[in-house]
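Engineer: See coords-v9.txt below, with compact mmCIF, C-alpha atoms.
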# COMPACT_ATOMS: atom_id res chain seq x y z
CA MET A 1 158.37 241.40 28.95
CA ILE A 2 159.47 238.87 31.55
CA GLU A 3 160.09 236.23 28.88
CA GLN A 4 162.36 238.65 27.00
CA LEU A 5 164.14 239.53 30.24
CA LEU A 6 164.77 235.89 31.15
CA LYS A 7 166.04 235.20 27.63
CA LYS A 8 168.35 238.22 27.77
CA LEU A 9 169.75 237.14 31.13
CA GLU A 10 169.87 233.48 30.08
CA LEU A 11 167.89 232.59 33.17
CA SER A 12 166.25 229.18 33.15
CA ASN A 13 162.77 228.62 34.54
CA SER A 14 164.32 227.03 37.62
CA LYS A 15 163.03 226.28 41.10
CA LEU A 16 165.13 229.19 42.35
CA LEU A 17 163.48 231.57 39.88
CA LYS A 18 160.01 230.43 40.97
CA MET A 19 161.07 230.92 44.58
CA SER A 20 162.04 234.53 43.85
CA PHE A 21 158.43 235.26 42.85
CA THR A 22 156.79 233.39 45.75
CA HIS A 23 155.39 235.60 48.51
CA SER A 24 155.16 234.20 52.04
CA SER A 25 151.37 234.59 51.96
CA PHE A 26 151.15 231.81 49.38
CA LEU A 27 153.07 229.45 51.64
CA ASN A 28 150.86 230.32 54.60
CA GLU A 29 147.86 229.12 52.60
CA ASN A 30 149.63 225.99 51.35
CA LEU A 31 151.32 224.62 54.44
CA SER A 32 150.98 221.00 53.29
CA ASN A 33 153.28 221.61 50.32
CA THR A 34 156.72 221.23 51.85
CA ASP A 35 158.46 221.75 48.49
CA LEU A 36 157.58 225.44 48.52
CA GLU A 37 159.83 228.18 49.86
CA SER A 38 159.19 231.92 49.96
CA ASN A 39 161.44 234.58 48.48
CA GLU A 40 162.45 235.99 51.87
CA ARG A 41 165.94 234.43 51.94
CA LEU A 42 166.59 235.51 48.35
CA GLU A 43 165.36 238.97 49.31
CA PHE A 44 168.00 239.11 52.05
CA LEU A 45 170.71 238.16 49.57
CA GLY A 46 169.49 240.55 46.88
CA ASP A 47 169.34 243.47 49.29
CA SER A 48 173.00 242.97 50.20
CA VAL A 49 174.07 242.52 46.57
CA ILE A 50 172.26 245.67 45.40
CA SER A 51 173.77 247.72 48.20
CA PHE A 52 177.28 246.44 47.44
CA ILE A 53 177.09 246.99 43.67
CA VAL A 54 175.69 250.50 44.05
CA ALA A 55 178.28 251.37 46.71
CA GLU A 56 181.13 250.04 44.56
CA TYR A 57 179.92 252.00 41.51
CA ILE A 58 179.72 255.25 43.50
CA TYR A 59 183.11 254.64 45.13
CA GLU A 60 184.91 253.93 41.85
CA LYS A 61 183.27 256.55 39.63
CA TYR A 62 183.21 259.46 42.09
CA PRO A 63 186.52 259.44 44.04
CA ASN A 64 186.02 262.99 45.33
CA LEU A 65 182.80 262.27 47.21
CA THR A 66 182.90 261.99 51.00
CA GLU A 67 181.65 258.96 52.90
CA GLY A 68 178.60 260.92 54.01
CA ASP A 69 177.70 261.96 50.48
CA MET A 70 178.18 258.43 49.17
CA SER A 71 175.85 257.10 51.87
CA LYS A 72 173.19 259.67 50.99
CA ILE A 73 173.38 258.80 47.30
CA ARG A 74 173.17 255.07 47.96
CA SER A 75 170.16 255.60 50.22
CA LEU A 76 168.36 257.50 47.45
CA VAL A 77 169.11 254.79 44.92
CA VAL A 78 168.17 251.75 47.01
CA GLN A 79 165.20 253.20 48.91
CA ARG A 80 162.04 251.11 48.82
CA SER A 81 160.14 253.27 46.34
CA SER A 82 163.06 253.17 43.87
CA LEU A 83 163.33 249.38 43.91
CA ALA A 84 159.55 249.00 43.71
CA ASN A 85 159.55 251.15 40.58
CA LEU A 86 162.24 248.95 39.03
CA ALA A 87 160.11 245.87 39.71
CA LYS A 88 157.23 247.54 37.87
CA ASP A 89 159.49 248.64 35.02
CA LEU A 90 160.48 244.99 34.52
CA ASP A 91 156.86 243.83 34.88
CA LEU A 92 157.89 241.45 37.66
CA GLN A 93 154.68 242.00 39.64
CA GLN A 94 152.59 240.23 37.00
CA HIS A 95 154.34 236.97 37.90
CA MET A 96 154.27 237.30 41.68
CA ILE A 97 152.84 234.22 43.40
CA LEU A 98 150.52 235.46 46.15
CA GLY A 99 148.09 233.97 48.60
CA LYS A 100 144.42 234.65 47.92
CA GLY A 101 144.14 237.02 50.87
CA GLU A 102 147.16 239.06 49.83
CA GLU A 103 145.86 239.18 46.26
CA LYS A 104 142.55 240.61 47.48
CA ASN A 105 144.43 243.19 49.55
CA ASN A 106 146.16 244.57 46.44
CA GLY A 107 149.38 242.78 47.32
CA ARG A 108 150.50 242.85 43.71
CA ILE A 109 150.86 246.64 43.78
CA LYS A 110 152.06 247.17 47.37
CA GLU A 111 155.32 249.07 47.42
CA SER A 112 156.81 246.82 50.11
CA ASN A 113 155.99 243.66 48.14
CA LEU A 114 157.39 245.11 44.92
CA CYS A 115 160.61 246.15 46.63
CA ASP A 116 161.00 242.70 48.20
CA LEU A 117 160.27 241.11 44.82
CA PHE A 118 163.00 243.08 43.06
CA GLU A 119 165.51 242.23 45.79
CA SER A 120 164.65 238.52 45.64
CA PHE A 121 164.91 238.55 41.83
CA ILE A 122 168.41 240.06 42.11
CA GLY A 123 169.22 237.40 44.70
CA CYS A 124 168.15 234.75 42.21
CA CYS A 125 170.25 236.37 39.45
CA THR A 126 173.28 236.36 41.75
CA LEU A 127 173.02 232.63 42.42
CA GLU A 128 172.08 231.64 38.87
CA LEU A 129 174.31 233.99 36.86
CA GLY A 130 177.08 235.02 39.24
CA ILE A 131 177.91 238.41 40.67
CA GLN A 132 179.56 239.85 37.53
CA LYS A 133 176.59 239.30 35.17
CA THR A 134 174.23 240.49 37.90
CA LYS A 135 176.32 243.62 38.31
CA ILE A 136 176.15 244.39 34.57
CA PHE A 137 172.38 243.90 34.55
CA LEU A 138 171.81 245.95 37.70
CA LEU A 139 173.95 248.88 36.56
CA GLU A 140 172.08 248.94 33.24
CA LEU A 141 169.04 249.73 35.36
CA MET A 142 170.62 251.98 37.98
CA SER A 143 173.75 253.76 36.71
CA TYR A 144 171.81 256.55 34.97
CA LYS A 145 169.94 257.31 38.17
CA ILE A 146 173.11 257.34 40.25
CA ASP A 147 174.79 259.68 37.78
CA SER A 148 171.73 261.92 37.71
CA ILE A 149 171.69 262.21 41.50
CA VAL A 150 175.35 263.20 41.53
CA LYS A 151 175.06 265.61 38.60
CA LYS A 152 172.03 267.39 40.07
CA GLN A 153 173.40 267.28 43.63
CA MET A 154 170.15 265.70 44.78
CA PHE A 155 171.83 264.40 47.92
CA ASN A 156 172.39 267.95 49.21
CA ASP A 157 169.45 269.64 50.95
CA PRO A 158 166.62 267.76 49.18
CA LYS A 159 163.97 270.22 50.39
CA SER A 160 165.66 273.14 48.63
CA LYS A 161 166.27 271.09 45.51
CA LEU A 162 162.65 269.97 45.36
CA GLN A 163 161.41 273.53 45.78
CA GLU A 164 163.76 274.77 43.07
CA ILE A 165 162.61 272.16 40.56
CA LEU A 166 158.92 272.64 41.31
CA GLN A 167 159.30 276.38 40.80
CA GLU A 168 161.00 275.76 37.46
CA ARG A 169 158.05 273.63 36.39
CA LYS A 170 155.52 276.14 37.75
CA ILE A 171 154.12 273.53 40.15
CA PRO A 172 152.80 274.56 43.59
CA LEU A 173 155.32 274.18 46.39
CA PRO A 174 155.06 271.11 48.64
CA GLU A 175 153.22 270.94 51.94
CA TYR A 176 154.89 268.97 54.73
CA ILE A 177 152.40 267.42 57.17
CA THR A 178 154.35 266.11 60.17
CA GLU A 179 153.01 264.28 63.23
CA MET A 180 154.46 262.14 66.00
CA ASN A 181 153.64 258.45 65.46
CA ASN A 182 153.11 255.69 68.02
CA SER A 183 156.81 254.80 67.97
CA GLY A 184 157.80 258.28 69.09
CA LEU A 185 159.18 259.19 65.68
CA PHE A 186 158.22 262.14 63.54
CA GLU A 187 156.31 261.06 60.43
CA THR A 188 156.05 263.42 57.46
CA ASN A 189 153.66 263.17 54.54
CA ILE A 190 154.66 265.41 51.62
CA ILE A 191 151.78 266.78 49.54
CA ILE A 192 152.23 268.27 46.06
CA ASN A 193 149.20 269.41 44.07
CA ASN A 194 146.88 267.72 46.60
CA LYS A 195 148.60 264.35 46.12
CA SER A 196 150.89 262.50 48.48
CA TYR A 197 154.34 261.89 47.00
CA GLY A 198 155.95 260.15 49.93
CA LYS A 199 156.03 259.45 53.65
CA ALA A 200 159.09 259.24 55.87
CA THR A 201 160.00 259.05 59.53
CA GLY A 202 162.85 260.50 61.57
CA GLU A 203 163.94 261.11 65.13
CA ARG A 204 163.77 264.84 64.39
CA LYS A 205 161.12 266.69 62.43
CA VAL A 206 163.73 268.11 60.07
CA ASP A 207 165.07 264.63 59.32
CA ALA A 208 161.60 263.28 58.51
CA GLU A 209 160.91 266.21 56.19
CA LYS A 210 164.23 265.84 54.38
CA SER A 211 163.65 262.13 53.88
CA ALA A 212 160.14 262.80 52.58
CA ALA A 213 161.56 265.35 50.12
CA GLU A 214 164.08 262.76 48.89
CA ILE A 215 161.27 260.27 48.26
CA ALA A 216 159.24 262.94 46.48
CA LEU A 217 162.18 263.79 44.22
CA ASN A 218 162.22 260.16 43.16
CA ASN A 219 158.46 259.60 42.93
CA PHE A 220 157.97 262.87 41.06
CA ASN A 221 160.17 261.49 38.24
CA ILE A 222 162.72 264.23 38.83
CA LEU A 223 165.69 261.85 38.96
Please render this file's structure as structure tokens.
Structural biologist:
Amino acid sequence: MIEQLLKKLELSNSKLLKMSFTHSSFLNENLSNTDLESNERLEFLGDSVISFIVAEYIYEKYPNLTEGDMSKIRSLVVQRSSLANLAKDLDLQQHMILGKGEEKNNGRIKESNLCDLFESFIGCCTLELGIQKTKIFLLELMSYKIDSIVKKQMFNDPKSKLQEILQERKIPLPEYITEMNNSGLFETNIIINNKSYGKATGERKVDAEKSAAEIALNNFNIL
């Protein structure tokens, strides 16, 4: 799949492309190779580019939305689990360059690594292809999800929306397990059918539960 993707995007097998797949753990185990660079800087760039393109799309297509609603929608679209799923959809994880320790620790399937990988890949696309081609590619992946969130009003009261959809599908209602973590934040684990569908934190219990419900809506393939 990755070969087809690179051909479609007209991306060369450049040093920058290799960098986008290189996890910092590989560098830590190969300190003598000064030619190597991790994908962390590209990740920073990609994160900003994704946020801008999504924000611009929402702003231009939905002129009646408030700033608060636009922020909620963008957060749903660019949250870590969403970007990690896109990395898997594109089969990027198969080409991740990891250190041996990170490989043994299932680094290839870690949500945080996958999210960082997608962001760094978009950072690479931005530098190699330019912002306009990157925008077209990214919106091919994300516009349907943005439109679905708006159409289904997923950004309004996610707990109620999740309950409504689960009832429609005759699935048991979610259980919210909330505890205070070591940072003094509330941490909620949302359980559906005895399986965890997301964890989130918040300064208030209600905020943590709402955020967990938003993640569950995404991870439950509802969007």
Engineer: With a cut-off of 8 Å, could you pull out the residues of range 120-165 of chain A touching range 25-46 of chain A and give me the nearest pair of atoms for each, distance in Å to one decimal, using only C-alpha atoms, ordered by chain and ascending number, as CSV?
Structural biologist:
residue,atom,partner,partner_atom,distance
A:Ser120,CA,A:Glu43,CA,3.8
A:Phe121,CA,A:Gly46,CA,7.1
A:Ile122,CA,A:Gly46,CA,4.9
A:Gly123,CA,A:Gly46,CA,3.8
A:Cys124,CA,A:Leu42,CA,6.4
A:Thr126,CA,A:Gly46,CA,7.6
Engineer: Show which residues sit within 10 Å of Ser112 in chain A, as an MDAnalysis selection string. Count all atoms listed in the file, and ignore same-chain residues fewer than 5 positions away.
Structural biologist: chainID A and resid 80:81 83:84 107 117
Engineer: For the residues in that selection, give me C-alpha atoms as a PDB file, in the coordinates of the input.
Structural biologist:
ATOM      1  CA  ARG A  80     162.040 251.110  48.820  1.00  0.00           C
ATOM      2  CA  SER A  81     160.140 253.270  46.340  1.00  0.00           C
ATOM      3  CA  LEU A  83     163.330 249.380  43.910  1.00  0.00           C
ATOM      4  CA  ALA A  84     159.550 249.000  43.710  1.00  0.00           C
ATOM      5  CA  GLY A 107     149.380 242.780  47.320  1.00  0.00           C
ATOM      6  CA  LEU A 117     160.270 241.110  44.820  1.00  0.00           C
TER       7      LEU A 117
END
Engineer: A:Ser24, A:Asp157, A:Pro63, A:Ile191: which is nearest Val206 in chain A, counting all atoms listed in the file?
Structural biologist: A:Asp157
Engineer: If we count all atoms listed in the file, what is near range 161-174 of chain A at a cut-off of 8 Å, once residues fewer than 3 positions away on the same chain are taken out, given as a list of chain:residue names?
Structural biologist: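 Surrounding residues, per the criterion: A:Met154, A:Asn156, A:Asp157, A:Pro158, A:Ile190, A:Ile191, A:Ile192, A:Asn193, A:Ala213, A:Ala216, A:Leu217.
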Engineer: Between CA of Glu111 in chain A and CA of Lys88 in chain A, what is the distance in Å, rounded to a tenth?
Structural biologist: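 Result for CA of Glu111 in chain A versus CA of Lys88 in chain A: 9.9 Å, one decimal.
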Engineer: Could you check how far CA of Phe21 in chain A sits from CA of Met96 in chain A, in Å to one decimal?
Structural biologist: 4.8 Å
Engineer: List as a compact mmCIF listing (two decimals) with C-alpha atoms, in the coordinates of the input the protein and nucleic acid residues near Ile53 in chain A, meaning an atom at most 10 Å away when all atoms listed in the file are counted, but skip any in the same chain fewer than 2 places from it.
Structural biologist:
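As a result, selection_15.txt now contains:
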# COMPACT_ATOMS: atom_id res chain seq x y z
CA SER A 48 173.00 242.97 50.20
CA VAL A 49 174.07 242.52 46.57
CA ILE A 50 172.26 245.67 45.40
CA SER A 51 173.77 247.72 48.20
CA ALA A 55 178.28 251.37 46.71
CA GLU A 56 181.13 250.04 44.56
CA TYR A 57 179.92 252.00 41.51
CA ILE A 58 179.72 255.25 43.50
CA TYR A 59 183.11 254.64 45.13
CA ARG A 74 173.17 255.07 47.96
CA ILE A 131 177.91 238.41 40.67
CA GLN A 132 179.56 239.85 37.53
CA THR A 134 174.23 240.49 37.90
CA LYS A 135 176.32 243.62 38.31
CA ILE A 136 176.15 244.39 34.57
CA LEU A 138 171.81 245.95 37.70
CA LEU A 139 173.95 248.88 36.56
CA MET A 142 170.62 251.98 37.98
Engineer: Between A:His95, A:Leu127, A:Val54, A:Ser14, which has the minimum distance to Tyr144 in chain A (counting all atoms listed in the file)?
Structural biologist: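 Ranking A:His95, A:Leu127, A:Val54, A:Ser14 by distance to Tyr144 in chain A, first place goes to A:Val54.
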Engineer: Rounded to one decimal in Å, what is the spacing between CA of Glu209 in chain A and CA of Tyr62 in chain A?
Structural biologist: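 Going from CA of Glu209 in chain A over to CA of Tyr62 in chain A, I get 27.2 Å.
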Engineer: So, counting all atoms listed in the file, which residue among A:Gln93, A:Ser20, A:Asn218, A:Asn105 is closest to Ile73 in chain A?
Structural biologist: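 Once distances to Ile73 in chain A are computed over all atoms listed in the file, the minimum belongs to A:Asn218.
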